[in-house]
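Below: the structure, in structure tokens.
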Amino acid sequence: MNKSLLLAASLFLASALYAQTGNVPVGENLTVEGIPALPSSLVSEVRAYTESRGAGLSQWHPLRKEMLIGTRFGNSNQFHYVKFPGGDRKQITFFEEPVGGASFEPKQGNYFVFSKDIGGNEFAQLYRFDMSTSAVTMLTDGKRSQNGGIKWNHAGDRFAYASTMRNGKDRDIRVMDPMDPTTDKVVAENVGGGWSVAGWSVDDTQLLLTEGLSVNESRIYTVDLGTGVKTRMLPKKDERTTYRAVAFTSDGKGIYLLSNKDSEFNRLCRFDLASGKVQTLTANIPWDVNDTELTEDGSALAFITNENGMARAYILTTATGKYEPVQGLPVGMIGGLRWTRDGASLGLTIASHASTSDVYEYERATGKLTRWTESELGGMDGSALREPELISWPSFDKRSISGYLYRPPAKFTGKRPVVINIHGGPEGQFRPSFMGRNNYFLNEMGVAMIFPNVRGSSGYGKTFLDLDNGFDRENSVKDIGALLDWIAQQPDLDADRIMVTGGSYGGYMTLAVAFHYNDRIRCSLDVVGISHFTTFLKNTEDYRRDLRRVEYGDERDPKMAAFHDAIAPLNHTDKIKKPMFIVQGGNDPRVPASEAVQMKDRIKQSGGTVWYLMANDEGHGFRKKDNTDFQFYATIAFMQEYLLK
């Protein structure tokens with residue numbers, strides 16, 4: 001039986017099961033506590049909001065104007081091949097697990113290399129997919145190692161990548177001929193988990209590396225592949241500044257990089273190898289540059305800026321150092337920059353509040369914009385989806401904090417209940433894009449949604465980014481307290497009906513708000529959140545621990561350990577009197593499931609109301625459609641019971 005028939009059969013059986021039981025079935029992979037039976041009527045009621053899908057550009061084929069994209073037509077994201085704009089998306093991988101990034105062999109395109117993990121454990125392995133046979137070959141060790149970030153050499157016969165294969169903690173740089181995995185070898189043995197490859201020198205004798213120490217400190221090195229000597233290029237002496245490598249210049253005399261040296265923001269720069277001087281190329285743009293892509297011949301460099309949360313694309317002509325904005329793009333989030341091999345066209349992935357992500361082509365010479373994919377909204381009316389409103393409020397220290405407010409349609413009258421949704425990171429940033437399932441809360445439940453960018457968020461400069469570090473951790477929680485004050489002053493928002501939610505660090509924020517402001521919220525929803533920073537740092541994967549200590553504080557310091565104890569939501573469950581829903585992935589390597597389990601158990605011991613959902617085949621958030629569907633149904637039921645009444 002082919003896969004389409006299998007899918008149809010499974011949908012038929014699921015529908016039959018719904019009809020027989022009257023309830024949404026709980027998968028064997030799910031652990032559920034406290035959640036009541038969910039009526040099967042929910043499935044049909046919300047279907048228009050669960051069937052949307054997006055597409056993202058993986059890479060152009062090197063010889064033909066054809067592309068590899070990632071999109072979902074079953075339960076997980078897979079690779080599809082598109083031969084022309086608007087053409088059929090031919091699915092070419094069919095794994096149970098979602099696939100990661102992919103990169104064509106750059107000369108003939110006979111195969112591509114991609115990554116994939118198991119059950120969201122983030123131990124991604126590299127694989128070779130042969131286009132003529134569809135054969136898949138594992139290239140890395142298949143064990144508990146992280147492998148990725150591949151960069152091809154100019155000859156096209158080897159790639160460099162970063163890997164924790166040696167000891168599970170330190171991220172070394174390795175080189176491999178993917179047609180012969182036995183050639184794999186370490187070319188730079190490193191200490192720490194923040195290393196990555198930016199590219200190869202023009203003659204393929206050197207690699208360009210970045211060592212990330214924190215969000216506000218990184219360094220650039222070169223590695224001589226003949227001698228194995230690693231040389232720090234920037235900074236020459238330790239300083240708390242970002243220097244993030246982009247690529248060697250085409251003449252081999254310099255390096256493109258991003259740096260916040262002498263600036264609040266990461267700017268595009270050029271480093272001259274002979275003189276050691278750094279030239280800032282985007283000094284007139286007072287925002288972060290956060291995505292770049294150089295053409296193969298080095299004649300043009302595309303980059304994306306983050307301008308108060310909105311994305312803007314530019315193309316720099318490297319010979320002159322002059323750049324121009326890319327005109328005519330839809331307003332929204334822009335990413336996935338990929339040049340065609342000849343540099344004539346730039347591929348982009350774009351999403352907006354009214355459209356899920358899709359792939360576009362921008363022709364450099366003519367300025368023509370062509371849409372390659374048109375993904376389905378699943379029954380939602382894009383024209384009815386509302387744009388967000390940028391809001392701001394003063395916090396406890398008079399600092400202005402901002403965020404985005406989504407209001408429900410005008411058909412809902414009276415003061416509206418509010419969901420405060422806090423991003424993770426903590427160096428993340430909420431940026432307006434397609435809201436997906438959240439549109440159900442707005443359009444059908446009449447709930448307003450606020451997405452705050454509390455102190456510590458990226459996009460607002462390095463000073464703002466540092467304001468929640470270490471002993472300042474709870475100042476970001478106070479930013480939410482100030483937001484609660486702001487909500488109370490709004491004539492159309494109901495300060496008596498507020499739910500707070502967030503994922504990862506946003507999950508910690510949710511737990512912290514739940515006990516600090518228990519009397520000012522109705523309920524809370526914690527997704528893969530941190531319940532105690534000391535236990536989190538003890539149990540997170542080795543390759544992440546030191547990077548997170550820079551942000552959260554070193555738990556080995558007795559003063560910091562005492563501070564972690566004092567602020568831990570786990571130690572304040574007696575103050576949490578409002579219902580809480582905890583969602584967790586069983587294979588989460590970042591915030592281990594133990595953080596959720598201990599919080600759930602402690603709330604129950606304190607006599608609180610807690611719903612609990614764990615997917616045993618997921619990691620740091622749910623990626624498989626059947627799991628995200630069940631989480632969505634349960635979230636609606638939770639809000640109906642505890643927020644709307």
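By order of appearance in the structure tokens: chains A, B, ..., then residues from 1 within every chain, and ligands from 1 in the order shown.
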
Test item: residues at most 8 Å from Thr280 (chain A), only C-alpha atoms, excluding those fewer than 3 positions along its chain, as a count of residues only: 5

For Pro592 (chain A), the nearest of the candidates A:Lys90, A:Pro417, A:Gly120, A:Leu442, counting only C-alpha atoms: A:Gly120

Contact residues around region 551-557 of chain A with only C-alpha atoms at 7 Å, ignoring same-chain residues under 4 positions, as a PyMOL selection string: chain A and resi 469-470+534+561

Keeping only C-alpha atoms, take the residues you just selected and write them out as a short mmCIF file (atom, residue, chain, number, x, y, z; two decimals), in the first residue's frame.
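As written to disk, selection.cif reads:
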```
data_model
loop_
_atom_site.label_atom_id
_atom_site.label_comp_id
_atom_site.auth_asym_id
_atom_site.auth_seq_id
_atom_site.Cartn_x
_atom_site.Cartn_y
_atom_site.Cartn_z
CA ASN A 469 21.74 38.52 33.40
CA GLY A 470 22.69 36.73 36.62
CA THR A 534 20.37 24.98 39.39
CA ALA A 561 23.18 28.86 43.99
#
```

Within 8 Å of region 34-39 of chain A: each region 593-632 of chain A residue with its shortest pair, only C-alpha atoms, as CSV:
```
residue,atom,partner,partner_atom,distance
A:Val610,CA,A:Gly34,CA,6.4
A:Trp611,CA,A:Gly34,CA,4.6
A:Tyr612,CA,A:Gly34,CA,6.3
```

Based on the selection just made, write C-alpha atoms of those residues as a PDB file, in the first residue's frame.
```pdb
ATOM      1  CA  VAL A 610      -2.319  21.162  37.295  1.00  0.00           C
ATOM      2  CA  TRP A 611      -2.810  19.680  33.836  1.00  0.00           C
ATOM      3  CA  TYR A 612       0.179  17.808  32.463  1.00  0.00           C
TER       4      TYR A 612
END
```

Counting only C-alpha atoms, which residue out of A:Gln108, A:Thr305, A:Ser594, A:Asn147 sits closest to Leu126 (chain A)?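 Nearest to Leu126 (chain A): A:Asn147.
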
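Every protein, DNA or RNA residue with an atom at most 10 Å from Asn438 (chain A), where only C-alpha atoms count and chain neighbours fewer than 3 positions away do not, is listed here: Tyr49, Thr50, Phe434, Met435, Phe441, Leu442, Asn443, Val447, Met449 and Phe632 of chain A.
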
Leaving out region 568-570 of chain A and any residue of its chain fewer than 2 positions from it, which residues lie within 12 Å of it when counting only C-alpha atoms, given as number ranges by chain? A: 473-474, 477, 507-516, 518, 526, 529-536, 560-566, 572-576, 594-606

Long-range neighbours of Val136 (chain A) as an MDAnalysis selection string, 10 Å cut-off, only C-alpha atoms, 6 positions minimum in chain: chainID A and resid 93 111:114 127:130

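With distances restricted to only C-alpha atoms, A:Phe265 is the closest residue to Pro286 (chain A) from A:Phe265, A:Asn627, A:Pro491, A:Gly156.
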
Just the residues within 12 Å of Ala637 (chain A), please, counting only C-alpha atoms, with nothing from its chain fewer than 2 positions along; format it as number ranges by chain. A: 24, 35-43, 46, 441, 445, 581, 611, 630-635, 639-645

Emit the selected residues as a short mmCIF file (atom, residue, chain, number, x, y, z; two decimals), in the first residue's frame, including N, CA and C atoms.
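In the end it all went to out_27.cif:
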```cif
data_model
loop_
_atom_site.label_atom_id
_atom_site.label_comp_id
_atom_site.auth_asym_id
_atom_site.auth_seq_id
_atom_site.Cartn_x
_atom_site.Cartn_y
_atom_site.Cartn_z
N VAL A 24 -11.44 12.73 21.81
CA VAL A 24 -10.17 12.69 21.08
C VAL A 24 -9.30 11.61 21.72
N ILE A 35 -5.83 16.20 32.66
CA ILE A 35 -6.57 16.72 31.51
C ILE A 35 -7.83 15.90 31.32
N PRO A 36 -9.01 16.52 31.32
CA PRO A 36 -10.23 15.74 31.12
C PRO A 36 -10.33 15.23 29.69
N ALA A 37 -11.25 14.32 29.47
CA ALA A 37 -11.50 13.84 28.11
C ALA A 37 -11.87 15.01 27.22
N LEU A 38 -11.27 15.06 26.04
CA LEU A 38 -11.51 16.15 25.10
C LEU A 38 -12.53 15.72 24.08
N PRO A 39 -13.63 16.43 23.93
CA PRO A 39 -14.68 16.00 23.01
C PRO A 39 -14.20 16.00 21.56
N SER A 40 -14.59 14.98 20.83
CA SER A 40 -14.16 14.87 19.44
C SER A 40 -14.70 16.00 18.58
N SER A 41 -15.74 16.67 19.04
CA SER A 41 -16.28 17.80 18.28
C SER A 41 -15.24 18.91 18.10
N LEU A 42 -14.27 18.97 19.01
CA LEU A 42 -13.21 19.97 18.89
C LEU A 42 -12.46 19.83 17.57
N VAL A 43 -12.26 18.59 17.13
CA VAL A 43 -11.45 18.34 15.93
C VAL A 43 -12.03 19.07 14.73
N VAL A 46 -12.12 23.16 15.04
CA VAL A 46 -10.88 23.94 14.90
C VAL A 46 -10.09 23.57 13.66
N PHE A 441 -7.62 31.57 18.79
CA PHE A 441 -7.90 32.27 20.05
C PHE A 441 -8.44 33.67 19.78
N MET A 445 -12.43 32.76 19.81
CA MET A 445 -12.61 32.85 21.26
C MET A 445 -12.62 34.31 21.74
N PHE A 581 -1.17 24.57 33.36
CA PHE A 581 -1.04 23.51 32.37
C PHE A 581 0.45 23.44 32.02
N TRP A 611 -2.69 20.57 34.98
CA TRP A 611 -2.81 19.68 33.84
C TRP A 611 -1.39 19.41 33.34
N PHE A 630 -3.04 17.61 19.49
CA PHE A 630 -3.56 17.26 20.82
C PHE A 630 -3.27 18.39 21.80
N GLN A 631 -2.07 18.95 21.74
CA GLN A 631 -1.74 20.07 22.62
C GLN A 631 -2.69 21.24 22.38
N PHE A 632 -3.02 21.50 21.13
CA PHE A 632 -3.93 22.60 20.77
C PHE A 632 -5.33 22.35 21.33
N TYR A 633 -5.85 21.13 21.15
CA TYR A 633 -7.18 20.81 21.68
C TYR A 633 -7.20 21.00 23.19
N ALA A 634 -6.16 20.51 23.86
CA ALA A 634 -6.12 20.60 25.32
C ALA A 634 -5.99 22.06 25.78
N THR A 635 -5.24 22.87 25.02
CA THR A 635 -5.09 24.28 25.38
C THR A 635 -6.42 25.00 25.27
N MET A 639 -8.31 26.86 28.37
CA MET A 639 -8.71 28.26 28.34
C MET A 639 -10.22 28.42 28.53
N GLN A 640 -10.98 27.53 27.93
CA GLN A 640 -12.43 27.60 28.11
C GLN A 640 -12.83 27.40 29.56
N GLU A 641 -12.11 26.52 30.24
CA GLU A 641 -12.46 26.20 31.63
C GLU A 641 -11.97 27.27 32.61
N TYR A 642 -10.77 27.81 32.39
CA TYR A 642 -10.17 28.64 33.43
C TYR A 642 -9.96 30.11 33.07
N LEU A 643 -10.00 30.45 31.77
CA LEU A 643 -9.81 31.85 31.37
C LEU A 643 -11.11 32.53 31.02
N LEU A 644 -11.95 31.87 30.26
CA LEU A 644 -13.12 32.53 29.70
C LEU A 644 -14.31 32.60 30.64
N LYS A 645 -14.38 31.69 31.58
CA LYS A 645 -15.56 31.66 32.46
C LYS A 645 -15.53 32.80 33.46
#
```
